[in-house]
Amino acid sequence: MTLLAAPGLAPVAPPLTTGAEALLRAADDAYAAGDRAQAVLLYERAVHELPATATGIAATTLRRLGRVHYEESRLDCAIDVLQVALIAAEAAGDASCAAHVQNILAACHWQRGQLDEAEWLYRATRTSALGARDAALVAMIDQNLGIIESVRGNMTAALRHYQSSLAGYRALGRRAHLGRLLSNMGMLYTSLSRWDDADRAYDEARALCIEVGDAGARTMVEVNRIQLWIARGDIARATSACDAILGGAAATDLRVHGETLKLRGVAARESGDAALADDFLARALAAAREMEDPLLEAETLREIAEVACQLGRNREMLRALSQAHHIFAGLRARRDLADVGQRAHRLEQRFHDVVARWSGSIEAKDLYTQGHCERVSKYACALAERAGFHAITMFWFRVGALLHDVGKIVVPTAILNKPGPLTEEERRIMERHALAGAELLSDVEFPWDVLPIIRNHHERWDGRGYPDRLAGEDIPLAARILCIADVYDALTTDRPYRKGFTREKALAIMAADAGAFDPALFTEFRELLGTAMSDAA
């Protein structure tokens with residue numbers, strides 16, 4: 001979604017007595033006409049024309065220049081200019097200008113996904129604006145606070161902020177600001193499935209943008225309205241609108257371009273053309289990253305995951321969902337996190353039968369490992385969480401843990417169930433199970449790479465394991481984790497030739513086997529078991 005922040009403009013141009021006056025007015029005209037490149041040049045020239053004593057006018061001019069950089073997604077430039085503007089405003093004793101500068105700085109934080117910083121700055125600025133009785137700025141900040149709440153999924157709070165902003169703008173007669181606000185309200189109503197309210201908000205927003213000549217905001221109203229058509233199932237209309245925008249001059253605006261590419265991809269997906277959707281969404285993702293727009297990036301990744309699902313590219317789907325989950329978590333976007341979680345769960349369900357079938361086959365054949373896979377999975381998952389595995393990938397790590405001994409299906413039952421020590425030949429046959437398991441599942445496109453767990457869970461840290469003689473960090477992290485859990489469970493469970501060892505004895509045996517395990521992970525595992533024992537007590 002493209003939520004329109006309200007950086008604002010000074011209500012009245014300051015009086016000038018130098019050549020800067022004409023430059024500033026020309027810059028304002030260029031900005032109003034949508035020629036931002038020319039506006040930047042003219043604002044910069046106006047700053048250089050000002051006398052050193054004109055700090056108040058310099059602050060206003062720099063604020064406008066910073067706003068243009070912000071709207072062009074040149075955030076580093078915007079922040080640099082705005083920080084100078086803030087110094088100039090404070091030097092001039094212009095509290096109102098300083099507050100407006102802080103408002104745009106907060107918008108820069110918001111654009112980068114730094115919502116906590118943006119919210120803090122907005123609220124501090126709102127307090128200053130209330131003290132200065134700057135009702136226009138209060139209305140702007142209410143709009144921007146509504147955006148933050150909307151991103152986070154707090155729809156009731158977002159609507160409350162938007163309504164406060166709407167009342168403020170209407171009371172002040174600030175019709176130039178209403179179009180952007182109403183466009184945001186249209187998106188909010190769309191997310192709440194209040195279609196008629198969304199339609200009315202977009203109709204009024206469009207009319208107001210035309211009335212005040214805000215061409216950029218008018219285009220974004222049209223872009224945002226496409227989401228309503230998609231939500232209502234009017235894919236043909238959404239496709240036509242996207243193509244018109246992408247083929248027009250407005251598409252030179254990166255934000256317009258990126259958002260429209262995303263929506264065009266969604267429309268293509270909904271119409272059944274997954275390959276075309278894949279292309280549009282890849283371009284949208286590139287635009288989002290170029291703009292440093294984390295919200296657009298996360299939303300696009302979520303749609304990429306859905307297309308990958310349709311194309312049967314399960315690994316790509318999980319990767320995209322994981323990346324989206326990480327960004328949404330940083331934004332504290334609760335509704336979006338829940339949606340990503342639901343999509344990941346649907347993917348997990350597809351593999352449930354595969355896991356149940358294979359793990360059941362293992363334990364049905366090997367009488368002495370009944371329950372082993374489940375226990376190993378429990379230990380390994382606990383250690384993986386301590387090692388920092390991402391929440392979405394934990395399901396797939398568990399899949400690998402449950403299937404780690406799947407290759408034992410090709411080992412003769414007599415060897416699997418032999419009550420005494422194995423001969424050298426029998427041991428070589430048994431050791432084949434790691435490679436056999438990886439080969440058995442090589443054609444299954446697991447979204448997360450479970451095969452290294454199956455192939456390499458008998459490697460040793462010192463390189464004396466099998467089948468690949470990997471050593472140290474060349475052994476995949478997931479396999480190193482599973483190795484510890486696998487050995488521990490084997491030591492603590494009964495065998496025909498011995499009783500299972502106690503927890504303390506098993507850990508002592510493992511500690512004495514120098515070179516078997518990743519030292520750092522083994523230390524974590526011992527601490528994990530110590531914590532579990534304390535909790536049990």
# chains A, B, ... in the order shown; residues from 1 in each chain; ligands from 1
call {"tool": "residues_around", "arguments": {"residues": "range 519-521 of chain A", "least_positions_apart": "3", "cutoff": "12 Å", "atoms": "only C-alpha atoms", "output": "short mmCIF file (atom, residue, chain, number, x, y, z; two decimals) with N, CA and C atoms, in the first residue's frame"}}
result
data_model
loop_
_atom_site.label_atom_id
_atom_site.label_comp_id
_atom_site.auth_asym_id
_atom_site.auth_seq_id
_atom_site.Cartn_x
_atom_site.Cartn_y
_atom_site.Cartn_z
N ALA A 380 16.69 -31.19 19.10
CA ALA A 380 17.34 -30.40 18.06
C ALA A 380 16.63 -29.05 17.87
N ALA A 382 14.94 -27.37 20.09
CA ALA A 382 15.24 -26.51 21.24
C ALA A 382 16.61 -25.87 21.07
N LEU A 383 17.59 -26.64 20.59
CA LEU A 383 18.93 -26.11 20.39
C LEU A 383 18.94 -25.13 19.21
N ALA A 384 18.19 -25.43 18.16
CA ALA A 384 18.13 -24.53 16.99
C ALA A 384 17.56 -23.17 17.38
N GLU A 385 16.56 -23.16 18.24
CA GLU A 385 15.99 -21.89 18.69
C GLU A 385 17.03 -21.06 19.43
N ARG A 386 17.84 -21.74 20.27
CA ARG A 386 18.91 -21.03 20.99
C ARG A 386 19.97 -20.53 20.02
N ALA A 387 20.14 -21.23 18.90
CA ALA A 387 21.14 -20.83 17.90
C ALA A 387 20.63 -19.71 17.01
N GLY A 388 19.36 -19.29 17.19
CA GLY A 388 18.83 -18.14 16.46
C GLY A 388 18.10 -18.46 15.18
N ARG A 460 31.65 -35.25 11.86
CA ARG A 460 32.27 -34.87 13.13
C ARG A 460 33.01 -33.54 12.96
N TRP A 461 33.07 -32.79 14.03
CA TRP A 461 33.75 -31.49 14.02
C TRP A 461 35.22 -31.65 13.59
N ASP A 462 35.85 -32.79 13.94
CA ASP A 462 37.27 -33.00 13.60
C ASP A 462 37.46 -33.61 12.22
N GLY A 472 34.54 -28.95 11.01
CA GLY A 472 34.29 -27.60 11.49
C GLY A 472 33.05 -26.97 10.88
N GLU A 473 33.18 -25.70 10.51
CA GLU A 473 32.03 -24.96 9.99
C GLU A 473 31.68 -25.33 8.56
N LEU A 477 25.22 -25.97 9.59
CA LEU A 477 24.84 -25.71 10.98
C LEU A 477 23.71 -26.63 11.43
N ALA A 478 22.71 -26.83 10.58
CA ALA A 478 21.57 -27.68 10.96
C ALA A 478 22.03 -29.10 11.25
N ALA A 479 23.00 -29.60 10.48
CA ALA A 479 23.50 -30.96 10.70
C ALA A 479 24.31 -31.04 11.99
N ARG A 480 25.06 -29.98 12.30
CA ARG A 480 25.82 -29.96 13.56
C ARG A 480 24.88 -30.02 14.76
N ILE A 481 23.79 -29.29 14.66
CA ILE A 481 22.80 -29.29 15.74
C ILE A 481 22.20 -30.68 15.89
N LEU A 482 21.81 -31.28 14.76
CA LEU A 482 21.15 -32.58 14.83
C LEU A 482 22.09 -33.67 15.33
N CYS A 483 23.36 -33.56 14.99
CA CYS A 483 24.35 -34.55 15.45
C CYS A 483 24.36 -34.64 16.97
N ILE A 484 24.34 -33.50 17.63
CA ILE A 484 24.36 -33.49 19.09
C ILE A 484 23.10 -34.14 19.65
N ALA A 485 21.95 -33.75 19.12
CA ALA A 485 20.68 -34.31 19.60
C ALA A 485 20.60 -35.81 19.34
N MET A 510 29.85 -37.66 25.99
CA MET A 510 29.94 -36.79 24.82
C MET A 510 31.09 -35.80 24.98
N ALA A 511 31.24 -35.24 26.19
CA ALA A 511 32.31 -34.27 26.44
C ALA A 511 33.68 -34.93 26.28
N ALA A 512 33.77 -36.21 26.61
CA ALA A 512 35.05 -36.90 26.52
C ALA A 512 35.43 -37.26 25.08
N ASP A 513 34.45 -37.24 24.19
CA ASP A 513 34.71 -37.58 22.78
C ASP A 513 35.19 -36.32 22.06
N ALA A 514 36.43 -35.96 22.33
CA ALA A 514 36.98 -34.72 21.78
C ALA A 514 36.93 -34.72 20.26
N GLY A 515 36.45 -33.65 19.69
CA GLY A 515 36.40 -33.52 18.24
C GLY A 515 35.12 -33.97 17.60
N ALA A 516 34.16 -34.48 18.39
CA ALA A 516 32.93 -34.99 17.78
C ALA A 516 31.96 -33.88 17.44
N GLU A 524 26.07 -24.86 24.46
CA GLU A 524 24.66 -24.41 24.48
C GLU A 524 23.73 -25.54 24.86
N PHE A 525 24.02 -26.75 24.34
CA PHE A 525 23.16 -27.90 24.61
C PHE A 525 23.21 -28.27 26.10
N ARG A 526 24.40 -28.25 26.68
CA ARG A 526 24.51 -28.55 28.10
C ARG A 526 23.74 -27.53 28.93
N GLU A 527 23.86 -26.26 28.56
CA GLU A 527 23.13 -25.22 29.28
C GLU A 527 21.62 -25.41 29.11
N LEU A 528 21.23 -25.81 27.89
CA LEU A 528 19.81 -26.04 27.61
C LEU A 528 19.26 -27.15 28.50
#
call {"tool": "closest_atom_pairs", "arguments": {"of": "range 97-125 of chain A", "to": "range 41-65 of chain A", "cutoff": "12 Å", "atoms": "only C-alpha atoms", "output": "Markdown table"}}
result
| residue | atom | partner | partner_atom | distance |
| --- | --- | --- | --- | --- |
| A:Cys97 | CA | A:Thr60 | CA | 6.6 |
| A:Ala98 | CA | A:Ala59 | CA | 8.2 |
| A:Ala99 | CA | A:Arg63 | CA | 10.5 |
| A:His100 | CA | A:Arg63 | CA | 7.9 |
| A:Val101 | CA | A:Arg63 | CA | 5.9 |
| A:Gln102 | CA | A:Arg63 | CA | 9.6 |
| A:Asn103 | CA | A:Arg63 | CA | 10.2 |
| A:Ile104 | CA | A:Arg63 | CA | 8.2 |
| A:Leu105 | CA | A:Arg63 | CA | 9.8 |
call {"tool": "residues_around", "arguments": {"residues": "Ala118 in chain A", "least_positions_apart": "5", "cutoff": "9 Å", "atoms": "only C-alpha atoms", "output": "PyMOL selection string"}}
result
chain A and resi 103+105-110+113+123+145+148
call {"tool": "atom_distance", "arguments": {"atom1": "CA of Ala129 in chain A", "atom2": "CA of Leu172 in chain A"}}
result
14.9 Å
call {"tool": "closest_residue", "arguments": {"among": "A:Arg232, A:Arg427, A:Arg218, A:Arg313", "to": "Thr190 in chain A", "atoms": "only C-alpha atoms"}}
result
A:Arg232
call {"tool": "residues_around", "arguments": {"residues": "range 449-455 of chain A", "least_positions_apart": "2", "cutoff": "8 Å", "atoms": "only C-alpha atoms", "output": "mmCIF file with all heavy atoms, in the first residue's frame"}}
result
data_model
loop_
_atom_site.group_PDB
_atom_site.id
_atom_site.type_symbol
_atom_site.label_atom_id
_atom_site.label_comp_id
_atom_site.auth_asym_id
_atom_site.auth_seq_id
_atom_site.Cartn_x
_atom_site.Cartn_y
_atom_site.Cartn_z
ATOM 1 N N ARG A 315 10.729 -23.716 -2.288
ATOM 2 C CA ARG A 315 11.843 -23.085 -1.582
ATOM 3 C C ARG A 315 11.787 -21.569 -1.736
ATOM 4 O O ARG A 315 12.033 -20.824 -0.789
ATOM 5 C CB ARG A 315 13.183 -23.616 -2.106
ATOM 6 C CG ARG A 315 13.431 -25.063 -1.749
ATOM 7 C CD ARG A 315 14.769 -25.544 -2.251
ATOM 8 N NE ARG A 315 14.900 -26.981 -2.046
ATOM 9 C CZ ARG A 315 15.934 -27.701 -2.453
ATOM 10 N NH1 ARG A 315 16.927 -27.129 -3.081
ATOM 11 N NH2 ARG A 315 15.977 -29.002 -2.220
ATOM 12 N N TRP A 396 10.522 -26.334 9.140
ATOM 13 C CA TRP A 396 11.260 -27.127 8.155
ATOM 14 C C TRP A 396 12.481 -27.779 8.788
ATOM 15 O O TRP A 396 12.877 -28.881 8.380
ATOM 16 C CB TRP A 396 11.631 -26.229 6.974
ATOM 17 C CG TRP A 396 10.386 -25.633 6.428
ATOM 18 C CD1 TRP A 396 9.925 -24.368 6.597
ATOM 19 C CD2 TRP A 396 9.369 -26.330 5.707
ATOM 20 N NE1 TRP A 396 8.694 -24.222 6.007
ATOM 21 C CE2 TRP A 396 8.333 -25.406 5.445
ATOM 22 C CE3 TRP A 396 9.247 -27.635 5.236
ATOM 23 C CZ2 TRP A 396 7.190 -25.759 4.759
ATOM 24 C CZ3 TRP A 396 8.100 -27.981 4.536
ATOM 25 C CH2 TRP A 396 7.084 -27.042 4.301
ATOM 26 N N PHE A 397 13.082 -27.132 9.760
ATOM 27 C CA PHE A 397 14.149 -27.798 10.509
ATOM 28 C C PHE A 397 13.596 -29.039 11.205
ATOM 29 O O PHE A 397 14.236 -30.091 11.212
ATOM 30 C CB PHE A 397 14.757 -26.836 11.533
ATOM 31 C CG PHE A 397 15.822 -27.472 12.376
ATOM 32 C CD1 PHE A 397 17.097 -27.664 11.870
ATOM 33 C CD2 PHE A 397 15.553 -27.900 13.670
ATOM 34 C CE1 PHE A 397 18.080 -28.278 12.638
ATOM 35 C CE2 PHE A 397 16.523 -28.509 14.439
ATOM 36 C CZ PHE A 397 17.797 -28.690 13.917
ATOM 37 N N VAL A 399 11.099 -30.808 10.206
ATOM 38 C CA VAL A 399 10.903 -31.823 9.164
ATOM 39 C C VAL A 399 12.201 -32.592 8.933
ATOM 40 O O VAL A 399 12.229 -33.823 8.882
ATOM 41 C CB VAL A 399 10.426 -31.162 7.857
ATOM 42 C CG1 VAL A 399 10.554 -32.129 6.675
ATOM 43 C CG2 VAL A 399 8.985 -30.693 7.989
ATOM 44 N N GLY A 400 13.302 -31.871 8.771
ATOM 45 C CA GLY A 400 14.584 -32.528 8.562
ATOM 46 C C GLY A 400 14.981 -33.412 9.729
ATOM 47 O O GLY A 400 15.516 -34.520 9.538
ATOM 48 N N ALA A 401 14.699 -32.928 10.951
ATOM 49 C CA ALA A 401 15.031 -33.716 12.137
ATOM 50 C C ALA A 401 14.222 -35.010 12.178
ATOM 51 O O ALA A 401 14.747 -36.082 12.493
ATOM 52 C CB ALA A 401 14.779 -32.886 13.395
ATOM 53 N N LEU A 403 13.075 -36.628 9.708
ATOM 54 C CA LEU A 403 13.434 -37.508 8.590
ATOM 55 C C LEU A 403 14.920 -37.846 8.555
ATOM 56 O O LEU A 403 15.387 -38.444 7.584
ATOM 57 C CB LEU A 403 13.043 -36.837 7.262
ATOM 58 C CG LEU A 403 11.552 -36.591 7.028
ATOM 59 C CD1 LEU A 403 11.345 -35.885 5.700
ATOM 60 C CD2 LEU A 403 10.772 -37.892 7.061
ATOM 61 N N HIS A 404 15.670 -37.489 9.596
ATOM 62 C CA HIS A 404 17.121 -37.618 9.487
ATOM 63 C C HIS A 404 17.583 -39.053 9.255
ATOM 64 O O HIS A 404 18.619 -39.288 8.635
ATOM 65 C CB HIS A 404 17.805 -37.021 10.728
ATOM 66 C CG HIS A 404 17.714 -37.857 11.966
ATOM 67 N ND1 HIS A 404 16.600 -37.857 12.785
ATOM 68 C CD2 HIS A 404 18.602 -38.724 12.537
ATOM 69 C CE1 HIS A 404 16.810 -38.674 13.808
ATOM 70 N NE2 HIS A 404 18.018 -39.212 13.687
ATOM 71 N N ASP A 405 16.831 -40.035 9.716
ATOM 72 C CA ASP A 405 17.220 -41.444 9.541
ATOM 73 C C ASP A 405 16.410 -42.151 8.458
ATOM 74 O O ASP A 405 16.351 -43.389 8.429
ATOM 75 C CB ASP A 405 17.061 -42.205 10.863
ATOM 76 C CG ASP A 405 18.281 -42.079 11.757
ATOM 77 O OD1 ASP A 405 19.371 -41.738 11.236
ATOM 78 O OD2 ASP A 405 18.156 -42.292 12.983
ATOM 79 N N VAL A 406 15.809 -41.398 7.548
ATOM 80 C CA VAL A 406 14.953 -42.013 6.537
ATOM 81 C C VAL A 406 15.712 -43.035 5.691
ATOM 82 O O VAL A 406 15.151 -44.022 5.200
ATOM 83 C CB VAL A 406 14.311 -40.935 5.636
ATOM 84 C CG1 VAL A 406 15.346 -40.232 4.779
ATOM 85 C CG2 VAL A 406 13.207 -41.530 4.773
ATOM 86 N N ALA A 434 22.947 -42.436 5.526
ATOM 87 C CA ALA A 434 22.966 -40.972 5.388
ATOM 88 C C ALA A 434 22.857 -40.561 3.923
ATOM 89 O O ALA A 434 22.040 -39.708 3.554
ATOM 90 C CB ALA A 434 24.234 -40.410 6.022
ATOM 91 N N LEU A 435 23.680 -41.183 3.060
ATOM 92 C CA LEU A 435 23.602 -40.881 1.627
ATOM 93 C C LEU A 435 22.291 -41.373 1.038
ATOM 94 O O LEU A 435 21.668 -40.696 0.219
ATOM 95 C CB LEU A 435 24.773 -41.538 0.889
ATOM 96 C CG LEU A 435 26.111 -40.798 0.918
ATOM 97 C CD1 LEU A 435 27.188 -41.629 0.248
ATOM 98 C CD2 LEU A 435 25.975 -39.447 0.217
ATOM 99 N N GLY A 437 19.395 -41.681 2.437
ATOM 100 C CA GLY A 437 18.290 -40.810 2.803
ATOM 101 C C GLY A 437 18.248 -39.558 1.946
ATOM 102 O O GLY A 437 17.179 -39.140 1.474
ATOM 103 N N ALA A 438 19.415 -38.960 1.715
ATOM 104 C CA ALA A 438 19.469 -37.761 0.872
ATOM 105 C C ALA A 438 19.040 -38.080 -0.552
ATOM 106 O O ALA A 438 18.349 -37.293 -1.205
ATOM 107 C CB ALA A 438 20.877 -37.173 0.897
ATOM 108 N N LEU A 441 15.153 -38.523 -0.947
ATOM 109 C CA LEU A 441 14.354 -37.303 -0.900
ATOM 110 C C LEU A 441 14.847 -36.223 -1.860
ATOM 111 O O LEU A 441 14.364 -35.095 -1.817
ATOM 112 C CB LEU A 441 14.352 -36.741 0.530
ATOM 113 C CG LEU A 441 13.713 -37.648 1.590
ATOM 114 C CD1 LEU A 441 13.838 -37.020 2.963
ATOM 115 C CD2 LEU A 441 12.246 -37.909 1.257
ATOM 116 N N SER A 442 15.784 -36.562 -2.721
ATOM 117 C CA SER A 442 16.393 -35.540 -3.587
ATOM 118 C C SER A 442 15.396 -34.924 -4.560
ATOM 119 O O SER A 442 15.577 -33.790 -5.009
ATOM 120 C CB SER A 442 17.567 -36.139 -4.366
ATOM 121 O OG SER A 442 17.119 -37.198 -5.202
ATOM 122 N N PHE A 446 11.625 -29.553 -1.021
ATOM 123 C CA PHE A 446 11.324 -28.951 0.271
ATOM 124 C C PHE A 446 11.625 -27.461 0.194
ATOM 125 O O PHE A 446 12.633 -27.052 -0.386
ATOM 126 C CB PHE A 446 12.177 -29.587 1.373
ATOM 127 C CG PHE A 446 11.796 -30.998 1.703
ATOM 128 C CD1 PHE A 446 12.534 -32.067 1.242
ATOM 129 C CD2 PHE A 446 10.685 -31.251 2.496
ATOM 130 C CE1 PHE A 446 12.184 -33.363 1.545
ATOM 131 C CE2 PHE A 446 10.318 -32.554 2.808
ATOM 132 C CZ PHE A 446 11.065 -33.617 2.327
ATOM 133 N N PRO A 447 10.780 -26.613 0.803
ATOM 134 C CA PRO A 447 11.023 -25.174 0.756
ATOM 135 C C PRO A 447 12.322 -24.777 1.456
ATOM 136 O O PRO A 447 12.976 -23.832 1.063
ATOM 137 C CB PRO A 447 9.814 -24.595 1.490
ATOM 138 C CG PRO A 447 8.771 -25.643 1.393
ATOM 139 C CD PRO A 447 9.505 -26.939 1.425
ATOM 140 N N HIS A 457 24.349 -35.528 9.174
ATOM 141 C CA HIS A 457 24.185 -35.512 10.629
ATOM 142 C C HIS A 457 25.146 -36.465 11.355
ATOM 143 O O HIS A 457 25.177 -36.486 12.586
ATOM 144 C CB HIS A 457 22.731 -35.823 11.021
ATOM 145 C CG HIS A 457 22.283 -37.217 10.738
ATOM 146 N ND1 HIS A 457 21.867 -37.622 9.490
ATOM 147 C CD2 HIS A 457 22.169 -38.319 11.542
ATOM 148 C CE1 HIS A 457 21.515 -38.897 9.530
ATOM 149 N NE2 HIS A 457 21.694 -39.352 10.770
ATOM 150 N N HIS A 458 25.958 -37.235 10.590
ATOM 151 C CA HIS A 458 26.984 -38.080 11.212
ATOM 152 C C HIS A 458 28.400 -37.559 10.943
ATOM 153 O O HIS A 458 29.377 -38.273 11.203
ATOM 154 C CB HIS A 458 26.865 -39.524 10.726
ATOM 155 C CG HIS A 458 25.736 -40.280 11.360
ATOM 156 N ND1 HIS A 458 25.703 -40.603 12.701
ATOM 157 C CD2 HIS A 458 24.566 -40.759 10.828
ATOM 158 C CE1 HIS A 458 24.578 -41.247 12.971
ATOM 159 N NE2 HIS A 458 23.870 -41.353 11.851
ATOM 160 N N PRO A 467 29.144 -38.952 5.611
ATOM 161 C CA PRO A 467 29.814 -39.614 4.483
ATOM 162 C C PRO A 467 30.850 -38.741 3.778
ATOM 163 O O PRO A 467 31.615 -39.238 2.946
ATOM 164 C CB PRO A 467 28.654 -39.907 3.526
ATOM 165 C CG PRO A 467 27.721 -38.754 3.730
ATOM 166 C CD PRO A 467 27.816 -38.421 5.214
ATOM 167 N N PRO A 476 27.177 -28.236 7.631
ATOM 168 C CA PRO A 476 26.030 -27.331 7.747
ATOM 169 C C PRO A 476 25.578 -27.198 9.209
ATOM 170 O O PRO A 476 25.574 -28.184 9.965
ATOM 171 C CB PRO A 476 24.956 -28.007 6.887
ATOM 172 C CG PRO A 476 25.730 -28.827 5.895
ATOM 173 C CD PRO A 476 26.942 -29.301 6.623
ATOM 174 N N ALA A 478 22.706 -26.830 10.579
ATOM 175 C CA ALA A 478 21.569 -27.675 10.955
ATOM 176 C C ALA A 478 22.027 -29.102 11.251
ATOM 177 O O ALA A 478 21.531 -29.756 12.173
ATOM 178 C CB ALA A 478 20.525 -27.679 9.842
ATOM 179 N N ALA A 479 22.996 -29.603 10.483
ATOM 180 C CA ALA A 479 23.502 -30.962 10.697
ATOM 181 C C ALA A 479 24.310 -31.043 11.992
ATOM 182 O O ALA A 479 24.251 -32.041 12.714
ATOM 183 C CB ALA A 479 24.359 -31.397 9.510
ATOM 184 N N LEU A 482 21.807 -31.284 14.762
ATOM 185 C CA LEU A 482 21.147 -32.584 14.830
ATOM 186 C C LEU A 482 22.089 -33.670 15.334
ATOM 187 O O LEU A 482 21.671 -34.575 16.057
ATOM 188 C CB LEU A 482 20.591 -32.978 13.468
ATOM 189 C CG LEU A 482 19.596 -34.123 13.642
ATOM 190 C CD1 LEU A 482 18.194 -33.591 13.774
ATOM 191 C CD2 LEU A 482 19.703 -35.134 12.542
#
call {"tool": "atom_distance", "arguments": {"atom1": "CA of Leu188 in chain A", "atom2": "CA of Ala158 in chain A"}}
result
8.1 Å
call {"tool": "residues_around", "arguments": {"residues": "Gly248 in chain A", "least_positions_apart": "6", "cutoff": "12 Å", "atoms": "only C-alpha atoms", "output": "ChimeraX atom specification"}}
result
/A:219,241-242,256-257,260
call {"tool": "write_last_selection", "arguments": {"atoms": "N, CA and C atoms", "output": "PDB file, in the first residue's frame"}}
result
ATOM      1  N   THR A 219      -2.636  10.920  -8.806  1.00  0.00           N
ATOM      2  CA  THR A 219      -2.171   9.643  -9.342  1.00  0.00           C
ATOM      3  C   THR A 219      -2.158   8.575  -8.265  1.00  0.00           C
ATOM      4  N   ALA A 241      -6.308  -0.244 -15.296  1.00  0.00           N
ATOM      5  CA  ALA A 241      -5.827   0.944 -14.590  1.00  0.00           C
ATOM      6  C   ALA A 241      -4.311   0.890 -14.398  1.00  0.00           C
ATOM      7  N   CYS A 242      -3.794  -0.282 -14.042  1.00  0.00           N
ATOM      8  CA  CYS A 242      -2.343  -0.427 -13.870  1.00  0.00           C
ATOM      9  C   CYS A 242      -1.610  -0.136 -15.176  1.00  0.00           C
ATOM     10  N   VAL A 256       5.124   5.684  -7.323  1.00  0.00           N
ATOM     11  CA  VAL A 256       4.000   5.301  -8.183  1.00  0.00           C
ATOM     12  C   VAL A 256       4.355   4.047  -8.976  1.00  0.00           C
ATOM     13  N   HIS A 257       5.559   4.058  -9.540  1.00  0.00           N
ATOM     14  CA  HIS A 257       5.995   2.955 -10.396  1.00  0.00           C
ATOM     15  C   HIS A 257       6.051   1.648  -9.603  1.00  0.00           C
ATOM     16  N   THR A 260       2.535   0.412  -8.444  1.00  0.00           N
ATOM     17  CA  THR A 260       1.722  -0.045  -9.571  1.00  0.00           C
ATOM     18  C   THR A 260       2.234  -1.378 -10.115  1.00  0.00           C
TER      19      THR A 260
END
call {"tool": "select_by_dssp", "arguments": {"residues": "range 414-510 of chain A", "states": "helix (DSSP H, G or I)", "output": "PyMOL selection string"}}
result
chain A and resi 414-416+424-431+433-440+451-456+472-474+477-492+503-510
call {"tool": "residues_around", "arguments": {"residues": "Asp199 in chain A", "least_positions_apart": "3", "cutoff": "9 Å", "atoms": "only C-alpha atoms", "output": "PyMOL selection string"}}
result
chain A and resi 186+189-190+194-196+202-204+225+228
call {"tool": "atom_distance", "arguments": {"atom1": "CA of Ala27 in chain A", "atom2": "CA of Arg67 in chain A"}}
result
12.4 Å
call {"tool": "residues_around", "arguments": {"residues": "Glu306 in chain A", "least_positions_apart": "5", "cutoff": "9 Å", "atoms": "only C-alpha atoms", "output": "VMD selection string"}}
result
chain A and resid 269 301 311 317 321 343
call {"tool": "write_last_selection", "arguments": {"atoms": "all heavy atoms", "output": "CSV table (one decimal), in the first residue's frame"}}
result
chain,number,residue,atom,x,y,z
A,269,ARG,N,-1.6,-12.4,-11.3
A,269,ARG,CA,-1.7,-13.7,-10.5
A,269,ARG,C,-3.2,-14.0,-10.4
A,269,ARG,O,-3.6,-15.2,-10.6
A,269,ARG,CB,-1.1,-13.5,-9.1
A,269,ARG,CG,-1.1,-14.8,-8.3
A,269,ARG,CD,-0.8,-14.5,-6.9
A,269,ARG,NE,-2.0,-13.8,-6.3
A,269,ARG,CZ,-1.9,-12.9,-5.3
A,269,ARG,NH1,-0.7,-12.6,-4.8
A,269,ARG,NH2,-3.0,-12.4,-4.8
A,301,LEU,N,7.2,-9.1,-1.4
A,301,LEU,CA,7.7,-10.4,-1.1
A,301,LEU,C,6.6,-11.4,-0.8
A,301,LEU,O,6.6,-12.5,-1.2
A,301,LEU,CB,8.7,-10.3,0.1
A,301,LEU,CG,10.1,-9.8,-0.3
A,301,LEU,CD1,10.8,-9.4,1.0
A,301,LEU,CD2,10.9,-10.8,-1.1
A,311,LEU,N,3.5,-21.7,-8.8
A,311,LEU,CA,4.4,-22.3,-9.8
A,311,LEU,C,5.1,-23.5,-9.2
A,311,LEU,O,6.0,-24.1,-9.9
A,311,LEU,CB,5.5,-21.2,-10.2
A,311,LEU,CG,4.9,-20.0,-11.0
A,311,LEU,CD1,6.0,-19.0,-11.1
A,311,LEU,CD2,4.4,-20.5,-12.3
A,317,MET,N,9.2,-19.8,-2.3
A,317,MET,CA,8.0,-19.4,-1.5
A,317,MET,C,8.4,-19.2,0.0
A,317,MET,O,8.1,-18.1,0.6
A,317,MET,CB,6.9,-20.4,-1.6
A,317,MET,CG,5.7,-19.9,-0.7
A,317,MET,SD,4.3,-21.1,-0.8
A,317,MET,CE,3.1,-20.3,0.2
A,321,LEU,N,8.6,-15.6,2.0
A,321,LEU,CA,7.8,-15.5,3.3
A,321,LEU,C,8.6,-15.1,4.5
A,321,LEU,O,8.3,-14.3,5.3
A,321,LEU,CB,7.0,-16.8,3.5
A,321,LEU,CG,5.7,-17.0,2.7
A,321,LEU,CD1,5.1,-18.4,3.0
A,321,LEU,CD2,4.7,-15.9,2.9
A,343,ARG,N,-0.1,-18.0,5.5
A,343,ARG,CA,0.4,-18.6,4.2
A,343,ARG,C,1.5,-19.6,4.4
A,343,ARG,O,1.6,-20.6,3.7
A,343,ARG,CB,1.0,-17.4,3.3
A,343,ARG,CG,-0.1,-16.4,3.0
A,343,ARG,CD,0.4,-15.3,2.0
A,343,ARG,NE,-0.6,-14.2,1.9
A,343,ARG,CZ,-0.8,-13.6,0.8
A,343,ARG,NH1,-0.1,-13.8,-0.3
A,343,ARG,NH2,-1.7,-12.6,0.7
